[in-house]
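Structure file target.cif (mmCIF, C-alpha atoms (C1' of nucleotides)) is printed below.
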```
data_protein
#
loop_
_atom_site.label_atom_id
_atom_site.label_comp_id
_atom_site.auth_asym_id
_atom_site.auth_seq_id
_atom_site.Cartn_x
_atom_site.Cartn_y
_atom_site.Cartn_z
CA MET Q 27 5.93 2.56 5.17
CA LYS Q 28 7.55 4.79 2.61
CA ASN Q 29 10.96 4.79 1.02
CA ASN Q 30 13.51 6.84 -0.80
CA ILE Q 31 14.83 4.22 -3.17
CA LYS Q 32 14.05 6.07 -6.36
CA VAL Q 33 15.92 9.16 -5.21
CA GLU Q 34 18.90 7.19 -3.95
CA ARG Q 35 19.03 5.26 -7.20
CA ALA Q 36 19.10 8.51 -9.10
CA ARG Q 37 21.84 9.77 -6.84
CA MET Q 38 23.95 6.70 -7.55
CA ASN Q 39 22.88 6.52 -11.20
CA LEU Q 40 21.55 2.98 -10.91
CA THR Q 41 18.72 1.34 -12.85
CA GLN Q 42 16.16 -0.85 -11.09
CA ASP Q 43 17.76 -3.81 -12.75
CA GLU Q 44 21.23 -2.89 -11.52
CA LEU Q 45 20.03 -2.40 -7.97
CA ALA Q 46 18.21 -5.73 -8.23
CA ARG Q 47 21.39 -7.50 -9.27
CA LEU Q 48 23.42 -5.78 -6.57
CA THR Q 49 20.97 -6.95 -3.93
CA GLY Q 50 20.23 -10.37 -5.41
CA VAL Q 51 16.51 -9.95 -6.10
CA SER Q 52 14.41 -9.57 -9.24
CA ARG Q 53 13.88 -6.25 -10.98
CA GLN Q 54 10.15 -6.45 -10.22
CA THR Q 55 10.89 -6.78 -6.54
CA ILE Q 56 12.76 -3.47 -6.62
CA ASN Q 57 10.03 -1.93 -8.75
CA THR Q 58 7.19 -2.97 -6.49
CA ILE Q 59 8.99 -1.94 -3.32
CA GLU Q 60 9.81 1.39 -4.90
CA SER Q 61 6.13 1.94 -5.65
CA ASN Q 62 5.12 0.97 -2.13
CA LYS Q 63 3.26 -2.17 -3.17
CA TYR Q 64 4.89 -4.13 -0.40
CA VAL Q 65 7.41 -4.02 2.39
CA PRO Q 66 10.75 -5.78 1.94
CA SER Q 67 12.29 -8.16 4.44
CA THR Q 68 14.90 -6.77 6.80
CA ILE Q 69 17.60 -8.62 4.89
CA LEU Q 70 16.73 -6.82 1.70
CA ALA Q 71 16.40 -3.47 3.47
CA LEU Q 72 19.88 -3.92 4.93
CA LYS Q 73 21.30 -4.81 1.53
CA ILE Q 74 19.67 -1.83 -0.17
CA ALA Q 75 20.90 0.50 2.56
CA LYS Q 76 24.37 -0.97 2.15
CA VAL Q 77 24.39 -0.28 -1.59
CA PHE Q 78 23.46 3.32 -0.88
CA SER Q 79 25.91 3.58 2.03
CA LYS Q 80 23.19 4.94 4.27
CA PRO Q 81 21.45 3.68 7.40
CA VAL Q 82 18.16 1.85 6.88
CA GLU Q 83 16.35 4.69 8.65
CA GLU Q 84 17.38 7.15 5.97
CA ILE Q 85 15.83 5.03 3.24
CA PHE Q 86 12.76 3.45 4.84
CA PHE Q 87 10.31 5.43 6.97
CA LEU Q 88 7.48 4.33 9.21
CA THR Q 89 4.19 6.08 8.48
CA GLU Q 90 1.12 6.66 10.65
CA GLU Q 91 -0.60 3.39 9.74
CA ASP Q 92 2.46 1.27 10.59
CA MET U 16 20.81 -12.69 9.46
CA LYS U 17 21.54 -12.38 13.15
CA ASN U 18 20.28 -9.99 15.78
CA ASN U 19 20.95 -8.46 19.12
CA ILE U 20 17.44 -8.32 20.45
CA LYS U 21 18.03 -10.43 23.52
CA VAL U 22 20.92 -8.24 24.64
CA GLU U 23 19.06 -5.01 23.95
CA ARG U 24 16.04 -6.32 25.83
CA ALA U 25 18.24 -7.08 28.79
CA ARG U 26 19.73 -3.62 28.59
CA MET U 27 16.27 -2.05 28.67
CA ASN U 28 14.92 -4.62 31.11
CA LEU U 29 12.09 -5.70 28.86
CA THR U 30 10.40 -9.11 28.59
CA GLN U 31 9.59 -10.61 25.20
CA ASP U 32 5.96 -9.91 25.94
CA GLU U 33 6.61 -6.26 26.71
CA LEU U 34 8.64 -5.77 23.56
CA ALA U 35 5.87 -7.51 21.61
CA ARG U 36 3.28 -5.11 22.99
CA LEU U 37 5.48 -2.09 22.31
CA THR U 38 5.90 -3.13 18.69
CA GLY U 39 2.39 -4.44 18.14
CA VAL U 40 3.19 -8.09 17.43
CA SER U 41 2.70 -11.33 19.34
CA ARG U 42 5.14 -12.63 21.92
CA GLN U 43 5.89 -15.64 19.74
CA THR U 44 6.90 -13.36 16.92
CA ILE U 45 9.53 -11.71 19.11
CA ASN U 46 10.61 -15.09 20.42
CA THR U 47 11.07 -16.66 17.00
CA ILE U 48 12.89 -13.64 15.60
CA GLU U 49 15.16 -13.61 18.63
CA SER U 50 16.05 -17.25 18.03
CA ASN U 51 16.70 -16.60 14.33
CA LYS U 52 13.80 -18.73 13.13
CA TYR U 53 12.80 -16.05 10.68
CA VAL U 54 13.54 -12.57 9.48
CA PRO U 55 11.15 -9.76 10.40
CA SER U 56 9.67 -7.31 7.95
CA THR U 57 11.35 -3.94 7.64
CA ILE U 58 8.43 -2.33 9.44
CA LEU U 59 8.97 -4.50 12.48
CA ALA U 60 12.74 -4.03 12.35
CA LEU U 61 12.27 -0.26 12.33
CA LYS U 62 9.87 -0.46 15.28
CA ILE U 63 12.20 -2.65 17.30
CA ALA U 64 15.14 -0.37 16.56
CA LYS U 65 13.00 2.57 17.62
CA VAL U 66 12.17 0.96 20.96
CA PHE U 67 15.87 0.44 21.58
CA SER U 68 16.77 3.92 20.29
CA LYS U 69 19.37 2.44 17.99
CA PRO U 70 19.77 2.22 14.22
CA VAL U 71 18.55 -0.96 12.56
CA GLU U 72 22.15 -1.82 11.63
CA GLU U 73 23.11 -2.03 15.29
CA ILE U 74 20.44 -4.62 15.99
CA PHE U 75 20.22 -6.69 12.81
CA PHE U 76 23.29 -7.98 10.96
CA LEU U 77 23.70 -9.57 7.58
CA THR U 78 25.60 -12.86 7.63
CA GLU U 79 27.53 -14.70 4.92
CA GLU U 80 24.56 -16.63 3.59
CA ASP U 81 22.41 -13.51 3.18
"C1'" DT F 30 9.90 6.81 -37.38
"C1'" DC F 31 12.16 2.93 -35.33
"C1'" DA F 32 14.74 0.71 -31.99
"C1'" DC F 33 16.09 0.29 -27.48
"C1'" DG F 34 16.71 0.84 -22.48
"C1'" DA F 35 14.19 1.70 -18.54
"C1'" DT F 36 10.03 1.40 -16.15
"C1'" DG F 37 5.28 -0.03 -14.91
"C1'" DT F 38 2.11 -3.74 -14.25
"C1'" DA F 39 -0.36 -8.30 -13.96
"C1'" DA F 40 -1.19 -13.27 -12.91
"C1'" DA F 41 0.07 -17.41 -10.84
"C1'" DA F 42 2.99 -19.96 -7.92
"C1'" DT F 43 5.88 -20.56 -3.90
"C1'" DA F 44 8.00 -19.09 0.34
"C1'" DT F 45 7.93 -16.78 4.49
"C1'" DG F 46 6.01 -13.59 8.25
"C1'" DC F 47 2.89 -13.48 11.78
"C1'" DT F 48 -1.20 -14.95 14.53
"C1'" DT F 49 -3.68 -17.75 18.00
"C1'" DG F 50 -3.82 -21.29 21.22
"C1'" DA F 51 -1.74 -24.49 23.85
"C1'" DC F 52 1.74 -26.93 26.07
"C1'" DT F 53 6.68 -27.47 28.04
"C1'" DT F 54 10.75 -25.83 30.22
"C1'" DT F 55 13.59 -22.97 32.98
"C1'" DA F 56 14.58 -19.95 36.49
"C1'" DT F 57 13.57 -17.56 40.85
"C1'" DG F 58 11.39 -16.57 45.16
"C1'" DT F 59 8.78 -18.32 49.29
"C1'" DA Y 12 8.50 -28.52 47.19
"C1'" DC Y 13 5.49 -25.27 45.17
"C1'" DA Y 14 4.00 -21.22 42.65
"C1'" DT Y 15 4.82 -18.00 39.32
"C1'" DA Y 16 6.99 -15.25 35.47
"C1'" DA Y 17 9.54 -15.69 31.52
"C1'" DA Y 18 11.07 -18.15 27.78
"C1'" DG Y 19 10.92 -21.97 24.35
"C1'" DT Y 20 8.30 -24.54 21.05
"C1'" DC Y 21 4.70 -26.67 17.94
"C1'" DA Y 22 0.87 -26.81 14.70
"C1'" DA Y 23 -2.57 -24.80 11.78
"C1'" DG Y 24 -3.95 -21.11 9.21
"C1'" DC Y 25 -4.05 -16.52 7.01
"C1'" DA Y 26 -1.54 -12.68 5.01
"C1'" DT Y 27 2.05 -10.97 2.55
"C1'" DA Y 28 6.81 -11.11 0.20
"C1'" DT Y 29 9.11 -12.58 -3.76
"C1'" DT Y 30 9.71 -15.09 -8.06
"C1'" DT Y 31 8.95 -15.96 -12.98
"C1'" DT Y 32 7.03 -14.85 -17.26
"C1'" DA Y 33 5.12 -11.81 -20.09
"C1'" DC Y 34 3.40 -7.72 -21.99
"C1'" DA Y 35 2.64 -2.48 -22.14
"C1'" DT Y 36 4.36 2.19 -21.81
"C1'" DC Y 37 7.55 6.01 -21.96
"C1'" DG Y 38 11.61 8.69 -23.37
"C1'" DT Y 39 15.64 9.28 -26.04
"C1'" DG Y 40 18.92 8.87 -29.69
"C1'" DA Y 41 19.86 7.40 -34.54
#
```

Render the structure in this file as C-alpha cells.
Amino acid sequence: MKNNIKVERARMNLTQDELARLTGVSRQTINTIESNKYVPSTILALKIAKVFSKPVEEIFFLTEED
Amino acid sequence: MKNNIKVERARMNLTQDELARLTGVSRQTINTIESNKYVPSTILALKIAKVFSKPVEEIFFLTEED
DNA sequence: TCACGATGTAAAATATGCTTGACTTTATGT
DNA sequence: ACATAAAGTCAAGCATATTTTACATCGTGA
C-alpha cells in the first residue's frame, strides 16, 4: 500500500506532529506510515482522511502486492 | 468503529466465506470484523470497499469513542 | 556558527489483526 | 426429523500496528 500523506500535509501546511495530534497518535506513527513502514488501522485512515477532507481512497492506494 | 458489511453482503448476495475469498482473508476474519470484534487494516478495508464498489467511508464509520 | 523546528530512525514493549482448526448454533429445504 | 449451508464463537499462536524514549540529521533564520 502507498499513501499521499506527505503531499496532503504540505497542502494543508501541517507538520507530522500536528497531524499526529489531530488524529490522536504519536508523531512516529505518522512518520512511519508516511514512509510506508506499516499500514495504519482503518480507524486511523478514516481520521487522516477526515483531516484532509478527502475520501480514504484518495490518500491510501492498494498496490500489486496487496 | 462500526460497519455496514452485513448489509452490503446482503445487497451483493455474498456469504462471509465468499467475501473472505474475494478479499484474501479467512472467513473468521470477515465474521469478527462484521460483529465489531476488531478493526481491519486499511488494506483490508480498501479491498472490502472495492468488492462493494463503494468508498471506504460508506462502509466503515467512526464512532464517538474512536 | 548556533539554535531550533521538523524529520528520520531504532529498540523494546504492548496491543491488536489475522490465521487455523474445531465446535456450536441457526435457518432452510426435503 | 434430518441434512446442509451459513453464521457465530473460542483458543492458541504468529505477524504486525502503535507506543514510548531517545538520539541523529537536515534546513533555515538570527

Expand the PyMOL selection byres ((chain U) within 8 of (chain F)) into the individual residues it matches in the shown file, reporting them as a CSV table (one decimal) with C-alpha atoms, keeping the file's coordinate frame.
```
chain,number,residue,atom,x,y,z
U,40,VAL,CA,3.2,-8.1,17.4
U,41,SER,CA,2.7,-11.3,19.3
U,44,THR,CA,6.9,-13.4,16.9
U,53,TYR,CA,12.8,-16.0,10.7
U,54,VAL,CA,13.5,-12.6,9.5
U,55,PRO,CA,11.2,-9.8,10.4
U,56,SER,CA,9.7,-7.3,8.0
```

Specify as an mmCIF file with C-alpha atoms, in the frame of the given file all residues of chain U found within 10 Å of chain Q, counting all atoms listed in the file.
```
data_model
loop_
_atom_site.group_PDB
_atom_site.id
_atom_site.type_symbol
_atom_site.label_atom_id
_atom_site.label_comp_id
_atom_site.auth_asym_id
_atom_site.auth_seq_id
_atom_site.Cartn_x
_atom_site.Cartn_y
_atom_site.Cartn_z
ATOM 1 C CA MET U 16 20.810 -12.690 9.460
ATOM 2 C CA LYS U 17 21.540 -12.380 13.150
ATOM 3 C CA THR U 38 5.900 -3.130 18.690
ATOM 4 C CA GLY U 39 2.390 -4.440 18.140
ATOM 5 C CA VAL U 54 13.540 -12.570 9.480
ATOM 6 C CA PRO U 55 11.150 -9.760 10.400
ATOM 7 C CA SER U 56 9.670 -7.310 7.950
ATOM 8 C CA THR U 57 11.350 -3.940 7.640
ATOM 9 C CA ILE U 58 8.430 -2.330 9.440
ATOM 10 C CA LEU U 59 8.970 -4.500 12.480
ATOM 11 C CA ALA U 60 12.740 -4.030 12.350
ATOM 12 C CA LEU U 61 12.270 -0.260 12.330
ATOM 13 C CA LYS U 62 9.870 -0.460 15.280
ATOM 14 C CA ALA U 64 15.140 -0.370 16.560
ATOM 15 C CA LYS U 65 13.000 2.570 17.620
ATOM 16 C CA PRO U 70 19.770 2.220 14.220
ATOM 17 C CA VAL U 71 18.550 -0.960 12.560
ATOM 18 C CA GLU U 72 22.150 -1.820 11.630
ATOM 19 C CA GLU U 73 23.110 -2.030 15.290
ATOM 20 C CA PHE U 75 20.220 -6.690 12.810
ATOM 21 C CA PHE U 76 23.290 -7.980 10.960
ATOM 22 C CA LEU U 77 23.700 -9.570 7.580
ATOM 23 C CA THR U 78 25.600 -12.860 7.630
ATOM 24 C CA ASP U 81 22.410 -13.510 3.180
#
```

When you count all atoms listed in the file, which of these residues is closest to Ala36 in chain Q: Q:Phe78, Q:Ser61, Q:Arg53, Q:Glu90?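 Ranking Q:Phe78, Q:Ser61, Q:Arg53, Q:Glu90 by distance to Ala36 in chain Q, first place goes to Q:Phe78.
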
Pull out every residue of chain Y that has at least one atom within 10 Å of chain Q, counting all atoms listed in the file, and report them as a list in words.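 The contacting residues on chain Y are DT27, DA28, DT29, DT30 and DT31 of chain Y.
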
Which value, in Å to one decimal, gives the distance between CA of Ile20 in chain U and CA of Ile63 in chain U? 8.3 Å

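Across the structure, CA of Ile59 in chain Q and CA of Asn29 in chain Q are spaced 8.2 Å apart.
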
Quick one, how far is CA of Ala46 in chain Q from CA of Glu80 in chain U? 17.3 Å

Keeping all heavy atoms (and nothing else), can you write range 12-24 of chain Y of this structure as a compact mmCIF listing (two decimals), in the first residue's frame?
```
# COMPACT_ATOMS: atom_id res chain seq x y z
P DA Y 12 -38.46 -33.63 15.72
OP1 DA Y 12 -37.25 -33.83 16.36
OP2 DA Y 12 -39.14 -32.48 15.31
O5' DA Y 12 -38.91 -34.79 14.64
C5' DA Y 12 -38.55 -36.14 14.76
C4' DA Y 12 -37.68 -36.58 13.59
O4' DA Y 12 -38.05 -35.82 12.40
C3' DA Y 12 -36.19 -36.32 13.79
O3' DA Y 12 -35.47 -37.44 13.25
C2' DA Y 12 -35.91 -35.05 13.00
C1' DA Y 12 -36.91 -35.15 11.86
N9 DA Y 12 -37.40 -33.84 11.38
C8 DA Y 12 -37.95 -32.84 12.11
N7 DA Y 12 -38.31 -31.81 11.39
C5 DA Y 12 -37.96 -32.15 10.10
C6 DA Y 12 -38.08 -31.48 8.86
N6 DA Y 12 -38.62 -30.26 8.73
N1 DA Y 12 -37.62 -32.12 7.76
C2 DA Y 12 -37.10 -33.34 7.89
N3 DA Y 12 -36.95 -34.08 8.99
C4 DA Y 12 -37.40 -33.42 10.08
P DC Y 13 -33.91 -37.66 13.57
OP1 DC Y 13 -33.65 -39.10 13.75
OP2 DC Y 13 -33.57 -36.67 14.61
O5' DC Y 13 -33.23 -37.22 12.20
C5' DC Y 13 -33.67 -37.79 10.97
C4' DC Y 13 -33.06 -37.04 9.81
O4' DC Y 13 -33.76 -35.81 9.59
C3' DC Y 13 -31.59 -36.67 10.02
O3' DC Y 13 -30.84 -37.27 8.99
C2' DC Y 13 -31.57 -35.13 9.97
C1' DC Y 13 -32.84 -34.81 9.21
N1 DC Y 13 -33.47 -33.50 9.55
C2 DC Y 13 -33.82 -32.61 8.52
O2 DC Y 13 -33.58 -32.91 7.35
N3 DC Y 13 -34.41 -31.43 8.85
C4 DC Y 13 -34.65 -31.12 10.12
N4 DC Y 13 -35.24 -29.96 10.39
C5 DC Y 13 -34.30 -32.01 11.19
C6 DC Y 13 -33.72 -33.18 10.87
P DA Y 14 -29.20 -37.14 8.97
OP1 DA Y 14 -28.61 -38.39 8.45
OP2 DA Y 14 -28.75 -36.58 10.25
O5' DA Y 14 -29.05 -36.04 7.83
C5' DA Y 14 -29.73 -36.21 6.59
C4' DA Y 14 -29.41 -35.05 5.68
O4' DA Y 14 -30.18 -33.89 6.10
C3' DA Y 14 -27.94 -34.63 5.71
O3' DA Y 14 -27.49 -34.44 4.37
C2' DA Y 14 -27.93 -33.33 6.52
C1' DA Y 14 -29.33 -32.78 6.28
N9 DA Y 14 -29.88 -32.04 7.42
C8 DA Y 14 -29.83 -32.38 8.74
N7 DA Y 14 -30.44 -31.53 9.53
C5 DA Y 14 -30.92 -30.55 8.67
C6 DA Y 14 -31.66 -29.37 8.89
N6 DA Y 14 -32.06 -28.96 10.10
N1 DA Y 14 -31.97 -28.62 7.81
C2 DA Y 14 -31.57 -29.03 6.59
N3 DA Y 14 -30.88 -30.13 6.26
C4 DA Y 14 -30.58 -30.85 7.36
P DT Y 15 -25.92 -34.15 4.06
OP1 DT Y 15 -25.55 -34.84 2.81
OP2 DT Y 15 -25.16 -34.40 5.32
O5' DT Y 15 -25.93 -32.58 3.80
C5' DT Y 15 -26.98 -32.01 3.00
C4' DT Y 15 -26.94 -30.51 3.11
O4' DT Y 15 -27.65 -30.08 4.30
C3' DT Y 15 -25.51 -29.96 3.24
O3' DT Y 15 -25.29 -29.05 2.18
C2' DT Y 15 -25.50 -29.26 4.62
C1' DT Y 15 -26.97 -28.98 4.85
N1 DT Y 15 -27.37 -28.89 6.28
C2 DT Y 15 -28.21 -27.87 6.67
O2 DT Y 15 -28.66 -27.04 5.91
N3 DT Y 15 -28.53 -27.87 8.00
C4 DT Y 15 -28.09 -28.76 8.97
O4 DT Y 15 -28.45 -28.66 10.13
C5 DT Y 15 -27.20 -29.79 8.49
C7 DT Y 15 -26.66 -30.80 9.45
C6 DT Y 15 -26.88 -29.81 7.18
P DA Y 16 -23.92 -28.19 2.06
OP1 DA Y 16 -23.50 -28.15 0.66
OP2 DA Y 16 -23.00 -28.61 3.13
O5' DA Y 16 -24.50 -26.75 2.44
C5' DA Y 16 -25.46 -26.14 1.58
C4' DA Y 16 -25.69 -24.73 2.05
O4' DA Y 16 -26.16 -24.77 3.41
C3' DA Y 16 -24.43 -23.87 2.07
O3' DA Y 16 -24.80 -22.54 1.72
C2' DA Y 16 -23.94 -23.98 3.51
C1' DA Y 16 -25.26 -24.09 4.26
N9 DA Y 16 -25.18 -24.87 5.50
C8 DA Y 16 -24.47 -26.01 5.74
N7 DA Y 16 -24.62 -26.49 6.96
C5 DA Y 16 -25.50 -25.60 7.56
C6 DA Y 16 -26.07 -25.54 8.85
N6 DA Y 16 -25.82 -26.43 9.81
N1 DA Y 16 -26.91 -24.52 9.11
C2 DA Y 16 -27.16 -23.63 8.16
N3 DA Y 16 -26.69 -23.57 6.90
C4 DA Y 16 -25.85 -24.61 6.68
P DA Y 17 -23.70 -21.38 1.61
OP1 DA Y 17 -24.13 -20.50 0.51
OP2 DA Y 17 -22.35 -21.98 1.64
O5' DA Y 17 -23.92 -20.60 2.98
C5' DA Y 17 -25.21 -20.08 3.27
C4' DA Y 17 -25.20 -19.48 4.66
O4' DA Y 17 -25.11 -20.55 5.61
C3' DA Y 17 -24.01 -18.56 4.92
O3' DA Y 17 -24.52 -17.28 5.28
C2' DA Y 17 -23.24 -19.24 6.05
C1' DA Y 17 -24.29 -20.14 6.67
N9 DA Y 17 -23.77 -21.36 7.29
C8 DA Y 17 -22.91 -22.27 6.75
N7 DA Y 17 -22.63 -23.27 7.55
C5 DA Y 17 -23.35 -23.00 8.69
C6 DA Y 17 -23.48 -23.68 9.93
N6 DA Y 17 -22.86 -24.83 10.21
N1 DA Y 17 -24.29 -23.13 10.87
C2 DA Y 17 -24.92 -21.97 10.57
N3 DA Y 17 -24.89 -21.24 9.46
C4 DA Y 17 -24.07 -21.82 8.55
P DA Y 18 -23.57 -16.10 5.71
OP1 DA Y 18 -24.27 -14.86 5.34
OP2 DA Y 18 -22.20 -16.37 5.22
O5' DA Y 18 -23.57 -16.22 7.30
C5' DA Y 18 -24.80 -16.20 7.99
C4' DA Y 18 -24.57 -16.48 9.45
O4' DA Y 18 -24.07 -17.82 9.60
C3' DA Y 18 -23.53 -15.57 10.11
O3' DA Y 18 -24.16 -14.96 11.22
C2' DA Y 18 -22.40 -16.52 10.52
C1' DA Y 18 -23.13 -17.84 10.64
N9 DA Y 18 -22.29 -19.01 10.42
C8 DA Y 18 -21.57 -19.31 9.31
N7 DA Y 18 -20.92 -20.46 9.39
C5 DA Y 18 -21.25 -20.94 10.65
C6 DA Y 18 -20.89 -22.11 11.35
N6 DA Y 18 -20.08 -23.04 10.84
N1 DA Y 18 -21.40 -22.27 12.59
C2 DA Y 18 -22.21 -21.33 13.09
N3 DA Y 18 -22.63 -20.19 12.52
C4 DA Y 18 -22.10 -20.07 11.29
P DG Y 19 -23.33 -13.89 12.09
OP1 DG Y 19 -24.35 -12.91 12.55
OP2 DG Y 19 -22.14 -13.44 11.34
O5' DG Y 19 -22.85 -14.75 13.34
C5' DG Y 19 -23.81 -15.25 14.24
C4' DG Y 19 -23.13 -16.05 15.34
O4' DG Y 19 -22.50 -17.20 14.74
C3' DG Y 19 -22.01 -15.30 16.08
O3' DG Y 19 -22.30 -15.34 17.46
C2' DG Y 19 -20.74 -16.07 15.73
C1' DG Y 19 -21.28 -17.44 15.41
N9 DG Y 19 -20.47 -18.25 14.51
C8 DG Y 19 -20.13 -17.94 13.21
N7 DG Y 19 -19.39 -18.85 12.63
C5 DG Y 19 -19.23 -19.83 13.61
C6 DG Y 19 -18.52 -21.06 13.56
O6 DG Y 19 -17.88 -21.54 12.63
N1 DG Y 19 -18.61 -21.74 14.78
C2 DG Y 19 -19.29 -21.30 15.88
N2 DG Y 19 -19.25 -22.09 16.95
N3 DG Y 19 -19.97 -20.15 15.93
C4 DG Y 19 -19.89 -19.47 14.77
P DT Y 20 -21.46 -14.50 18.53
OP1 DT Y 20 -22.34 -14.25 19.69
OP2 DT Y 20 -20.81 -13.39 17.83
O5' DT Y 20 -20.34 -15.56 18.96
C5' DT Y 20 -20.73 -16.86 19.35
C4' DT Y 20 -19.51 -17.70 19.68
O4' DT Y 20 -19.01 -18.36 18.48
C3' DT Y 20 -18.32 -16.91 20.25
O3' DT Y 20 -17.87 -17.57 21.41
C2' DT Y 20 -17.27 -16.99 19.14
C1' DT Y 20 -17.61 -18.36 18.57
N1 DT Y 20 -17.07 -18.65 17.23
C2 DT Y 20 -16.45 -19.87 17.02
O2 DT Y 20 -16.33 -20.72 17.89
N3 DT Y 20 -15.96 -20.08 15.75
C4 DT Y 20 -16.04 -19.20 14.69
O4 DT Y 20 -15.58 -19.50 13.60
C5 DT Y 20 -16.71 -17.95 14.96
C7 DT Y 20 -16.85 -16.93 13.88
C6 DT Y 20 -17.19 -17.74 16.21
P DC Y 21 -17.00 -16.77 22.53
OP1 DC Y 21 -17.92 -16.16 23.51
OP2 DC Y 21 -16.02 -15.94 21.81
O5' DC Y 21 -16.22 -17.99 23.23
C5' DC Y 21 -16.35 -19.32 22.70
C4' DC Y 21 -15.00 -20.02 22.71
O4' DC Y 21 -14.63 -20.37 21.35
C3' DC Y 21 -13.85 -19.19 23.27
O3' DC Y 21 -13.04 -20.01 24.08
C2' DC Y 21 -13.11 -18.72 22.02
C1' DC Y 21 -13.32 -19.92 21.10
N1 DC Y 21 -13.22 -19.60 19.65
C2 DC Y 21 -12.70 -20.57 18.77
O2 DC Y 21 -12.35 -21.67 19.23
N3 DC Y 21 -12.59 -20.28 17.45
C4 DC Y 21 -12.98 -19.08 17.01
N4 DC Y 21 -12.87 -18.84 15.70
C5 DC Y 21 -13.52 -18.08 17.88
C6 DC Y 21 -13.62 -18.39 19.18
P DA Y 22 -12.00 -19.35 25.12
OP1 DA Y 22 -12.44 -19.68 26.49
OP2 DA Y 22 -11.75 -17.95 24.73
O5' DA Y 22 -10.70 -20.21 24.79
C5' DA Y 22 -10.80 -21.51 24.20
C4' DA Y 22 -9.47 -21.89 23.60
O4' DA Y 22 -9.49 -21.64 22.17
C3' DA Y 22 -8.30 -21.08 24.16
O3' DA Y 22 -7.19 -21.95 24.28
C2' DA Y 22 -8.08 -20.00 23.09
C1' DA Y 22 -8.42 -20.78 21.82
N9 DA Y 22 -8.87 -19.96 20.70
C8 DA Y 22 -9.62 -18.80 20.72
N7 DA Y 22 -9.86 -18.30 19.54
C5 DA Y 22 -9.25 -19.18 18.67
C6 DA Y 22 -9.15 -19.21 17.27
N6 DA Y 22 -9.69 -18.31 16.48
N1 DA Y 22 -8.45 -20.24 16.72
C2 DA Y 22 -7.90 -21.16 17.52
N3 DA Y 22 -7.93 -21.24 18.85
C4 DA Y 22 -8.63 -20.20 19.36
P DA Y 23 -5.88 -21.50 25.07
OP1 DA Y 23 -5.60 -22.49 26.11
OP2 DA Y 23 -6.00 -20.06 25.39
O5' DA Y 23 -4.79 -21.67 23.90
C5' DA Y 23 -4.91 -22.77 23.01
C4' DA Y 23 -3.91 -22.62 21.89
O4' DA Y 23 -4.47 -21.83 20.82
C3' DA Y 23 -2.62 -21.93 22.31
O3' DA Y 23 -1.55 -22.60 21.69
C2' DA Y 23 -2.81 -20.50 21.81
C1' DA Y 23 -3.66 -20.71 20.57
N9 DA Y 23 -4.55 -19.59 20.23
C8 DA Y 23 -5.24 -18.77 21.08
N7 DA Y 23 -5.97 -17.87 20.47
C5 DA Y 23 -5.75 -18.12 19.12
C6 DA Y 23 -6.24 -17.51 17.95
N6 DA Y 23 -7.08 -16.50 17.95
N1 DA Y 23 -5.82 -18.01 16.77
C2 DA Y 23 -4.97 -19.03 16.76
N3 DA Y 23 -4.43 -19.70 17.80
C4 DA Y 23 -4.88 -19.17 18.95
P DG Y 24 -0.05 -22.14 21.97
OP1 DG Y 24 0.77 -23.37 21.94
OP2 DG Y 24 -0.02 -21.22 23.13
O5' DG Y 24 0.30 -21.31 20.66
C5' DG Y 24 0.17 -21.94 19.39
C4' DG Y 24 0.39 -20.91 18.32
O4' DG Y 24 -0.73 -20.00 18.30
C3' DG Y 24 1.63 -20.03 18.56
O3' DG Y 24 2.49 -20.15 17.44
C2' DG Y 24 1.09 -18.62 18.72
C1' DG Y 24 -0.24 -18.71 18.01
N9 DG Y 24 -1.25 -17.75 18.42
C8 DG Y 24 -1.64 -17.43 19.69
N7 DG Y 24 -2.57 -16.50 19.73
C5 DG Y 24 -2.81 -16.19 18.40
C6 DG Y 24 -3.70 -15.28 17.81
O6 DG Y 24 -4.50 -14.52 18.36
N1 DG Y 24 -3.61 -15.30 16.42
C2 DG Y 24 -2.77 -16.08 15.69
N2 DG Y 24 -2.81 -15.96 14.37
N3 DG Y 24 -1.93 -16.96 16.23
C4 DG Y 24 -2.00 -16.95 17.58
```
